[in-house]
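One structure is given here, and the rest of the page talks about it.
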Amino acid sequence: MNGSVRVGQVVGVPLRMHWSVPLLVVLFAYGLGRQTLPAWTPGHSDAVYTFASAVGAVLLMGSLLLHETAHAATARRKKIAVQDVTLWALGGMTRMGRPQTAAVAFAVAVSGPLTSLAIGGAALGAGIGLHSMSGWAVPAAVLVWLGWANLFLGAFNLLPAAPLDGGRVVQALLWWRTGDRERADRAASRSGQVVGGLLMAFGWISFLRGVPGGLWLVFVGLFIAVVAGAERQRAVIHTALRGVKVADAMSSPVTTGADWLTIRHFVDEVAVNSRHSAVPLLDFEGRPSGIVQIRGLARIPRARREALRVREVAIPLSQCAVAAPSDLLSEALDKLRSGTGMRILVVDGGHLVGIVTAKDISRLMQRHTLGGQGPD
């Protein structure tokens with residue numbers, strides 16, 4: 001996700017944090033320290049409320065991290081590749097490959113909400129127990145607040161709307177019942193668009209009636225609707241490309257460049273003559289080593305272009321989508337990663353034989369719209 005930085009790792013997966021997380025912590029702490037705790041436990045000093053609210057906000061972010069960690073751990077246990085876990089203003093996001101069975105999809109989807117509900121129940125019980133046994137009102141109130149927040153998080157995420165976990169659960173159940181993955185994807189994404197629209201409407205009405213938090217619901221609803229729309233479009237593409245091989249979609253031959261060239265020589269000899277926005281790179285043995293984006297080269301100062309090799313600023317092959325000519329195109333599309341664009345390098349016997357770009361996908365979609373069922 002743009003605007004995020006890596007801060008560590010969880011269960012062997014890179015952990016990233018979006019710039020909005022510190023802001024979210026401050027907002028939670030402010031609401032807890034200025035409103036909730038003084039109302040629940042009056043009579044304490046501002047210092048007590050400030051410290052307790054800071055602890056509560058950090059604990060809540062920790063519980064959000066555990067929610068996403070549950071997704072990542074379950075996915076890894078089910079042999080699904082997990083790219084990273086990112087915390088941001090709406091909670092978290094775990095990027096991973098597509099599950100291969102409905103049972104695996106269900107297990108991954110439900111693991112997060114169950115973790116939040118378990119944390120919520122444990123924190124709520126601990127808060128009530130602490131207050132009854134010791135009378136420590138402020139720590140008990142923080143735990144009760146944390147418990148209710150996690151119970152709400154778990155319940156909200158179970159709404160039947162993709163990309164929420166509840167939408168993933170619905171998708172998995174429909175996939176299991178019908179055996180049609182793309183149909184299940186479309187149904188879950190449609191549900192997400194409906195729920196997102198309802199949240200936006202409810203949030204806007206609440207805001208007009210004087211509830212500032214309504215704007216937050218509008219933002220959440222907009223996010224759900226936009227992502228659900230994108231997922232629906234992806235499901236439509238997968239349906240249209242069902243049975244199509246990568247070899248049927250790829251463009252060949254491919255314009256390439258040597259990865260050992262300096263950036264200056266690469267720009268002069270390759271980039272200026274290329275009609276593409278990115279160029280695959282080959283090593284000394286003629287094997288693909290990555291891909292370089294032309295706009296990235298343009299941002300490098302001229303004074304540095306003689307000292308840097310083009311491979312030093314390229315996207316390495318390990319981060320590129322790579323497929324064999326005989327692979328299904330729909331499965332190859334699942335390998336795409338954010339930041340690399342819609343480009344699939346087609347490799348056969350260790351050598352680059354073609355590339356699939358957004359234009360190739362668009363061409364196939366147009367043929368499907370005209371009534372074709374795939375390549376001739």
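Chain labels A, B, ... are given in the sequence in which chains occur in the structure tokens; within each chain residues are numbered consecutively from 1, and ligands are likewise numbered from 1 in the order shown.
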
Within 9 Å of stretch 12-27 of chain A, counting only C-alpha atoms, which residues qualify if same-chain residues fewer than 3 places away don't, as a list of chain:residue names?
A:Met1, A:Asn2, A:Gly3, A:Ser4, A:Val5, A:Arg6, A:Val7, A:Gly8, A:Gln9, A:Tyr30, A:Gly31, A:Leu32, A:Ala54, A:Ala57, A:Val58, A:Leu60, A:Met61, A:Ala72, A:Ala73, A:Val82, A:Gln83, A:Asp84, A:Val85, A:Thr86, A:Leu87, A:Trp88, A:Ala89, A:Leu90, A:Gly91

Sel. of strand (DSSP E) residues, stretch 80-247 of chain A, as number ranges by chain
A: 82-88, 91-96

Enumerate, in order of chain and increasing residue number, the residues of stretch 213-302 of chain A with an atom no farther than 8 Å from stretch 166-186 of chain A, each with its shortest atom pair and distance in Å to one decimal, counting only C-alpha atoms, as JSON lines.
```
{"residue": "A:Glu231", "atom": "CA", "partner": "A:Asp185", "partner_atom": "CA", "distance": 7.6}
{"residue": "A:Arg232", "atom": "CA", "partner": "A:Arg186", "partner_atom": "CA", "distance": 5.2}
{"residue": "A:Ala235", "atom": "CA", "partner": "A:Glu182", "partner_atom": "CA", "distance": 5.4}
{"residue": "A:Val236", "atom": "CA", "partner": "A:Glu182", "partner_atom": "CA", "distance": 7.4}
{"residue": "A:His238", "atom": "CA", "partner": "A:Glu182", "partner_atom": "CA", "distance": 6.8}
{"residue": "A:Thr239", "atom": "CA", "partner": "A:Glu182", "partner_atom": "CA", "distance": 6.1}
```

With DSSP run on the backbone, what are the alpha helix (DSSP H) residues within stretch 72-181 of chain A? I'd like them as a compact mmCIF listing (two decimals) with N, CA, C and O atoms, in the first residue's frame.
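Heads up, here's the output in result.txt:
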```
# COMPACT_ATOMS: atom_id res chain seq x y z
N ALA A 72 -2.75 -14.19 8.32
CA ALA A 72 -1.47 -14.56 7.72
C ALA A 72 -1.01 -15.94 8.17
O ALA A 72 -0.54 -16.76 7.36
N ALA A 73 -1.16 -16.23 9.47
CA ALA A 73 -0.72 -17.53 9.99
C ALA A 73 -1.55 -18.67 9.42
O ALA A 73 -1.01 -19.72 9.05
N THR A 74 -2.86 -18.46 9.31
CA THR A 74 -3.72 -19.49 8.74
C THR A 74 -3.40 -19.72 7.27
O THR A 74 -3.35 -20.87 6.80
N ALA A 75 -3.18 -18.63 6.54
CA ALA A 75 -2.83 -18.76 5.12
C ALA A 75 -1.53 -19.53 4.94
O ALA A 75 -1.44 -20.42 4.09
N ARG A 76 -0.51 -19.19 5.71
CA ARG A 76 0.77 -19.88 5.60
C ARG A 76 0.63 -21.36 5.97
O ARG A 76 1.25 -22.22 5.34
N ARG A 77 -0.19 -21.64 6.97
CA ARG A 77 -0.41 -23.02 7.38
C ARG A 77 -1.11 -23.82 6.27
O ARG A 77 -0.91 -25.02 6.13
N ALA A 102 -12.45 -24.11 -1.41
CA ALA A 102 -13.41 -23.34 -0.62
C ALA A 102 -13.16 -23.50 0.87
O ALA A 102 -13.31 -22.55 1.65
N ALA A 103 -12.76 -24.69 1.29
CA ALA A 103 -12.50 -24.94 2.71
C ALA A 103 -11.34 -24.08 3.21
O ALA A 103 -11.40 -23.51 4.31
N VAL A 104 -10.29 -23.95 2.41
CA VAL A 104 -9.15 -23.12 2.79
C VAL A 104 -9.55 -21.65 2.82
O VAL A 104 -9.18 -20.91 3.75
N ALA A 105 -10.33 -21.21 1.84
CA ALA A 105 -10.79 -19.83 1.80
C ALA A 105 -11.62 -19.50 3.05
O ALA A 105 -11.49 -18.43 3.64
N PHE A 106 -12.47 -20.44 3.45
CA PHE A 106 -13.30 -20.23 4.64
C PHE A 106 -12.43 -20.13 5.89
O PHE A 106 -12.64 -19.24 6.73
N ALA A 107 -11.45 -21.02 6.01
CA ALA A 107 -10.60 -21.02 7.20
C ALA A 107 -9.81 -19.72 7.32
O ALA A 107 -9.69 -19.15 8.41
N VAL A 108 -9.27 -19.25 6.22
CA VAL A 108 -8.49 -18.00 6.24
C VAL A 108 -9.40 -16.82 6.59
O VAL A 108 -9.04 -15.96 7.39
N ALA A 109 -10.59 -16.77 5.99
CA ALA A 109 -11.49 -15.64 6.19
C ALA A 109 -11.99 -15.55 7.63
O ALA A 109 -12.04 -14.47 8.22
N VAL A 110 -12.35 -16.68 8.21
CA VAL A 110 -12.98 -16.66 9.53
C VAL A 110 -11.97 -16.51 10.66
O VAL A 110 -12.34 -16.15 11.79
N SER A 111 -10.69 -16.75 10.39
CA SER A 111 -9.68 -16.72 11.46
C SER A 111 -9.54 -15.34 12.09
O SER A 111 -9.36 -15.23 13.31
N GLY A 112 -9.63 -14.28 11.28
CA GLY A 112 -9.48 -12.93 11.81
C GLY A 112 -10.60 -12.53 12.76
O GLY A 112 -10.35 -12.12 13.90
N PRO A 113 -11.88 -12.60 12.31
CA PRO A 113 -12.98 -12.25 13.21
C PRO A 113 -13.03 -13.10 14.47
O PRO A 113 -13.33 -12.59 15.55
N LEU A 114 -12.74 -14.39 14.35
CA LEU A 114 -12.74 -15.24 15.55
C LEU A 114 -11.68 -14.78 16.54
O LEU A 114 -11.91 -14.80 17.77
N THR A 115 -10.53 -14.36 16.04
CA THR A 115 -9.48 -13.84 16.92
C THR A 115 -9.94 -12.58 17.62
O THR A 115 -9.75 -12.42 18.84
N SER A 116 -10.57 -11.66 16.88
CA SER A 116 -11.07 -10.42 17.49
C SER A 116 -12.14 -10.72 18.53
O SER A 116 -12.16 -10.09 19.61
N LEU A 117 -13.05 -11.63 18.22
CA LEU A 117 -14.10 -11.97 19.18
C LEU A 117 -13.51 -12.61 20.44
O LEU A 117 -13.97 -12.35 21.56
N ALA A 118 -12.48 -13.46 20.25
CA ALA A 118 -11.83 -14.09 21.40
C ALA A 118 -11.12 -13.05 22.27
O ALA A 118 -11.22 -13.07 23.51
N ILE A 119 -10.41 -12.12 21.63
CA ILE A 119 -9.73 -11.06 22.38
C ILE A 119 -10.76 -10.19 23.10
O ILE A 119 -10.58 -9.82 24.27
N GLY A 120 -11.85 -9.87 22.40
CA GLY A 120 -12.89 -9.05 23.00
C GLY A 120 -13.50 -9.70 24.23
O GLY A 120 -13.67 -9.06 25.27
N GLY A 121 -13.82 -10.98 24.10
CA GLY A 121 -14.40 -11.69 25.24
C GLY A 121 -13.44 -11.77 26.42
O GLY A 121 -13.82 -11.56 27.58
N ALA A 122 -12.15 -12.04 26.12
CA ALA A 122 -11.15 -12.16 27.18
C ALA A 122 -10.93 -10.81 27.87
O ALA A 122 -10.85 -10.73 29.11
N ALA A 123 -10.82 -9.73 27.09
CA ALA A 123 -10.60 -8.40 27.67
C ALA A 123 -11.80 -7.94 28.49
O ALA A 123 -11.64 -7.38 29.58
N LEU A 124 -12.99 -8.20 27.96
CA LEU A 124 -14.20 -7.81 28.69
C LEU A 124 -14.32 -8.56 30.01
O LEU A 124 -14.60 -7.97 31.07
N GLY A 125 -14.07 -9.86 29.97
CA GLY A 125 -14.11 -10.65 31.19
C GLY A 125 -13.05 -10.22 32.19
O GLY A 125 -13.30 -10.14 33.40
N ALA A 126 -11.84 -9.93 31.68
CA ALA A 126 -10.75 -9.51 32.56
C ALA A 126 -11.07 -8.16 33.20
O ALA A 126 -10.78 -7.94 34.39
N GLY A 127 -11.67 -7.25 32.44
CA GLY A 127 -12.01 -5.94 32.98
C GLY A 127 -13.05 -6.02 34.07
O GLY A 127 -12.93 -5.40 35.14
N ILE A 128 -14.08 -6.81 33.84
CA ILE A 128 -15.14 -6.98 34.85
C ILE A 128 -14.58 -7.66 36.09
O ILE A 128 -14.87 -7.25 37.23
N GLY A 129 -13.76 -8.69 35.86
CA GLY A 129 -13.17 -9.39 37.01
C GLY A 129 -12.23 -8.51 37.80
O GLY A 129 -12.23 -8.53 39.04
N LEU A 130 -11.41 -7.70 37.12
CA LEU A 130 -10.47 -6.82 37.81
C LEU A 130 -11.20 -5.79 38.66
O LEU A 130 -10.80 -5.50 39.79
N HIS A 131 -12.28 -5.25 38.12
CA HIS A 131 -13.03 -4.24 38.87
C HIS A 131 -13.71 -4.84 40.09
O HIS A 131 -13.73 -4.23 41.17
N SER A 132 -14.26 -6.03 39.95
CA SER A 132 -14.97 -6.64 41.08
C SER A 132 -14.03 -7.11 42.17
O SER A 132 -14.38 -7.10 43.36
N MET A 133 -12.81 -7.52 41.83
CA MET A 133 -11.89 -8.07 42.81
C MET A 133 -10.98 -7.02 43.44
O MET A 133 -10.64 -7.10 44.62
N SER A 134 -10.58 -6.02 42.66
CA SER A 134 -9.60 -5.07 43.18
C SER A 134 -10.10 -3.64 43.26
O SER A 134 -9.53 -2.82 43.98
N ALA A 137 -10.51 0.92 39.05
CA ALA A 137 -11.54 1.36 38.11
C ALA A 137 -10.97 1.70 36.73
O ALA A 137 -11.52 1.27 35.71
N VAL A 138 -9.89 2.47 36.69
CA VAL A 138 -9.37 2.92 35.40
C VAL A 138 -8.81 1.76 34.57
O VAL A 138 -9.18 1.62 33.39
N PRO A 139 -7.91 0.91 35.10
CA PRO A 139 -7.45 -0.24 34.30
C PRO A 139 -8.60 -1.14 33.87
O PRO A 139 -8.61 -1.65 32.74
N ALA A 140 -9.58 -1.34 34.75
CA ALA A 140 -10.72 -2.18 34.41
C ALA A 140 -11.52 -1.55 33.27
O ALA A 140 -11.98 -2.25 32.35
N ALA A 141 -11.69 -0.22 33.32
CA ALA A 141 -12.44 0.47 32.26
C ALA A 141 -11.73 0.36 30.92
O ALA A 141 -12.38 0.19 29.88
N VAL A 142 -10.40 0.48 30.95
CA VAL A 142 -9.63 0.34 29.70
C VAL A 142 -9.83 -1.05 29.11
O VAL A 142 -10.03 -1.20 27.89
N LEU A 143 -9.81 -2.09 29.94
CA LEU A 143 -10.01 -3.46 29.45
C LEU A 143 -11.42 -3.66 28.92
O LEU A 143 -11.62 -4.32 27.89
N VAL A 144 -12.41 -3.09 29.61
CA VAL A 144 -13.79 -3.21 29.13
C VAL A 144 -13.94 -2.51 27.78
O VAL A 144 -14.58 -3.03 26.85
N TRP A 145 -13.35 -1.30 27.67
CA TRP A 145 -13.39 -0.58 26.39
C TRP A 145 -12.71 -1.38 25.29
O TRP A 145 -13.23 -1.49 24.16
N LEU A 146 -11.56 -1.97 25.60
CA LEU A 146 -10.84 -2.78 24.63
C LEU A 146 -11.67 -4.00 24.22
O LEU A 146 -11.71 -4.38 23.04
N GLY A 147 -12.36 -4.59 25.20
CA GLY A 147 -13.19 -5.75 24.91
C GLY A 147 -14.33 -5.42 23.97
O GLY A 147 -14.55 -6.11 22.97
N TRP A 148 -15.06 -4.33 24.27
CA TRP A 148 -16.18 -3.96 23.41
C TRP A 148 -15.69 -3.56 22.02
O TRP A 148 -16.35 -3.85 21.02
N ALA A 149 -14.53 -2.89 21.94
CA ALA A 149 -13.99 -2.49 20.64
C ALA A 149 -13.68 -3.71 19.78
O ALA A 149 -13.97 -3.74 18.58
N ASN A 150 -13.11 -4.75 20.39
CA ASN A 150 -12.79 -5.96 19.64
C ASN A 150 -14.03 -6.76 19.27
O ASN A 150 -14.09 -7.36 18.19
N LEU A 151 -15.01 -6.77 20.15
CA LEU A 151 -16.26 -7.44 19.81
C LEU A 151 -16.94 -6.75 18.64
O LEU A 151 -17.47 -7.40 17.72
N PHE A 152 -16.91 -5.42 18.65
CA PHE A 152 -17.47 -4.67 17.51
C PHE A 152 -16.68 -4.95 16.24
O PHE A 152 -17.26 -5.15 15.17
N LEU A 153 -15.34 -4.95 16.36
CA LEU A 153 -14.49 -5.21 15.19
C LEU A 153 -14.79 -6.59 14.60
O LEU A 153 -14.92 -6.73 13.38
N GLY A 154 -14.90 -7.60 15.48
CA GLY A 154 -15.18 -8.95 14.99
C GLY A 154 -16.54 -9.04 14.32
O GLY A 154 -16.68 -9.65 13.26
N ALA A 155 -17.56 -8.41 14.95
CA ALA A 155 -18.92 -8.47 14.39
C ALA A 155 -19.00 -7.68 13.08
O ALA A 155 -19.61 -8.15 12.11
N PHE A 156 -18.38 -6.49 13.05
CA PHE A 156 -18.41 -5.68 11.83
C PHE A 156 -17.75 -6.40 10.67
O PHE A 156 -18.24 -6.36 9.54
N ASN A 157 -16.63 -7.05 10.94
CA ASN A 157 -15.92 -7.75 9.88
C ASN A 157 -16.69 -8.96 9.36
O ASN A 157 -16.36 -9.49 8.29
N ASP A 165 -14.21 -9.64 6.00
CA ASP A 165 -14.05 -11.08 6.18
C ASP A 165 -15.37 -11.82 6.00
O ASP A 165 -15.38 -12.95 5.51
N GLY A 166 -16.48 -11.18 6.39
CA GLY A 166 -17.77 -11.82 6.19
C GLY A 166 -18.07 -12.06 4.72
O GLY A 166 -18.68 -13.07 4.36
N GLY A 167 -17.64 -11.14 3.87
CA GLY A 167 -17.80 -11.34 2.43
C GLY A 167 -16.98 -12.50 1.93
O GLY A 167 -17.41 -13.26 1.05
N ARG A 168 -15.77 -12.67 2.51
CA ARG A 168 -14.93 -13.82 2.14
C ARG A 168 -15.58 -15.13 2.59
O ARG A 168 -15.48 -16.15 1.92
N VAL A 169 -16.23 -15.09 3.76
CA VAL A 169 -16.93 -16.28 4.24
C VAL A 169 -18.08 -16.64 3.30
O VAL A 169 -18.27 -17.81 2.93
N VAL A 170 -18.85 -15.63 2.90
CA VAL A 170 -19.95 -15.86 1.95
C VAL A 170 -19.41 -16.42 0.65
O VAL A 170 -19.98 -17.37 0.07
N GLN A 171 -18.32 -15.84 0.16
CA GLN A 171 -17.72 -16.31 -1.09
C GLN A 171 -17.32 -17.78 -0.98
O GLN A 171 -17.55 -18.58 -1.89
N ALA A 172 -16.69 -18.14 0.16
CA ALA A 172 -16.25 -19.52 0.35
C ALA A 172 -17.43 -20.48 0.40
O ALA A 172 -17.39 -21.58 -0.19
N LEU A 173 -18.50 -20.09 1.09
CA LEU A 173 -19.68 -20.95 1.19
C LEU A 173 -20.36 -21.13 -0.16
O LEU A 173 -20.79 -22.24 -0.53
N LEU A 174 -20.48 -20.04 -0.93
CA LEU A 174 -21.08 -20.14 -2.26
C LEU A 174 -20.21 -20.96 -3.20
O LEU A 174 -20.72 -21.74 -4.02
N TRP A 175 -18.92 -20.80 -3.08
CA TRP A 175 -17.98 -21.58 -3.89
C TRP A 175 -18.13 -23.06 -3.57
O TRP A 175 -18.18 -23.91 -4.47
N TRP A 176 -18.22 -23.38 -2.28
CA TRP A 176 -18.39 -24.78 -1.86
C TRP A 176 -19.72 -25.35 -2.36
O TRP A 176 -19.79 -26.49 -2.81
N ARG A 177 -20.78 -24.53 -2.32
CA ARG A 177 -22.11 -25.03 -2.68
C ARG A 177 -22.29 -25.16 -4.19
O ARG A 177 -22.89 -26.12 -4.67
N THR A 178 -21.76 -24.19 -4.97
CA THR A 178 -21.99 -24.19 -6.41
C THR A 178 -20.84 -24.79 -7.19
O THR A 178 -21.02 -25.22 -8.34
N ARG A 181 -16.19 -20.79 -8.63
CA ARG A 181 -15.47 -19.78 -7.87
C ARG A 181 -15.78 -18.36 -8.34
O ARG A 181 -16.01 -17.46 -7.52
```

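When atom CA of A:Arg34 is paired with atom CA of A:Gly203, their separation reads 23.3 Å.
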
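For the choices A:Ala314, A:Ala228, A:Leu328, A:Val346, the atom-to-atom distance to A:Arg190 is smallest for A:Ala228 when using only C-alpha atoms.
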
Select, from A:Lys78, A:Gln35, A:Ile294, A:Val11, the residue with the minimum atom-to-atom distance to A:Pro99, counting only C-alpha atoms.
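Selected residue with least distance to A:Pro99: A:Lys78.
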
Counting only C-alpha atoms, the option among A:Ile300, A:Val322, A:Ala332, A:Val195 closest to A:His351:
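Looking only at the distances to A:His351, the closest residue turns out to be A:Val322.
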
Point-to-point distance from atom CA of A:Leu164 to atom CA of A:Thr101, Å rounded to tenths:
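Taking atom CA of A:Leu164 as the start and atom CA of A:Thr101 as the end point, the length is 18.9 Å.
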
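Compared by their closest atoms to A:Met250, and using only C-alpha atoms, the residues A:Ser318, A:Ser326, A:Thr262, A:Gln193 rank with A:Ser326 nearest.
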
Close residues, A:Asp334 itself excluded, 9 Å, only C-alpha atoms, min 5 positions apart in chain, as a PyMOL selection string:
chain A and resi 97-98+321+329
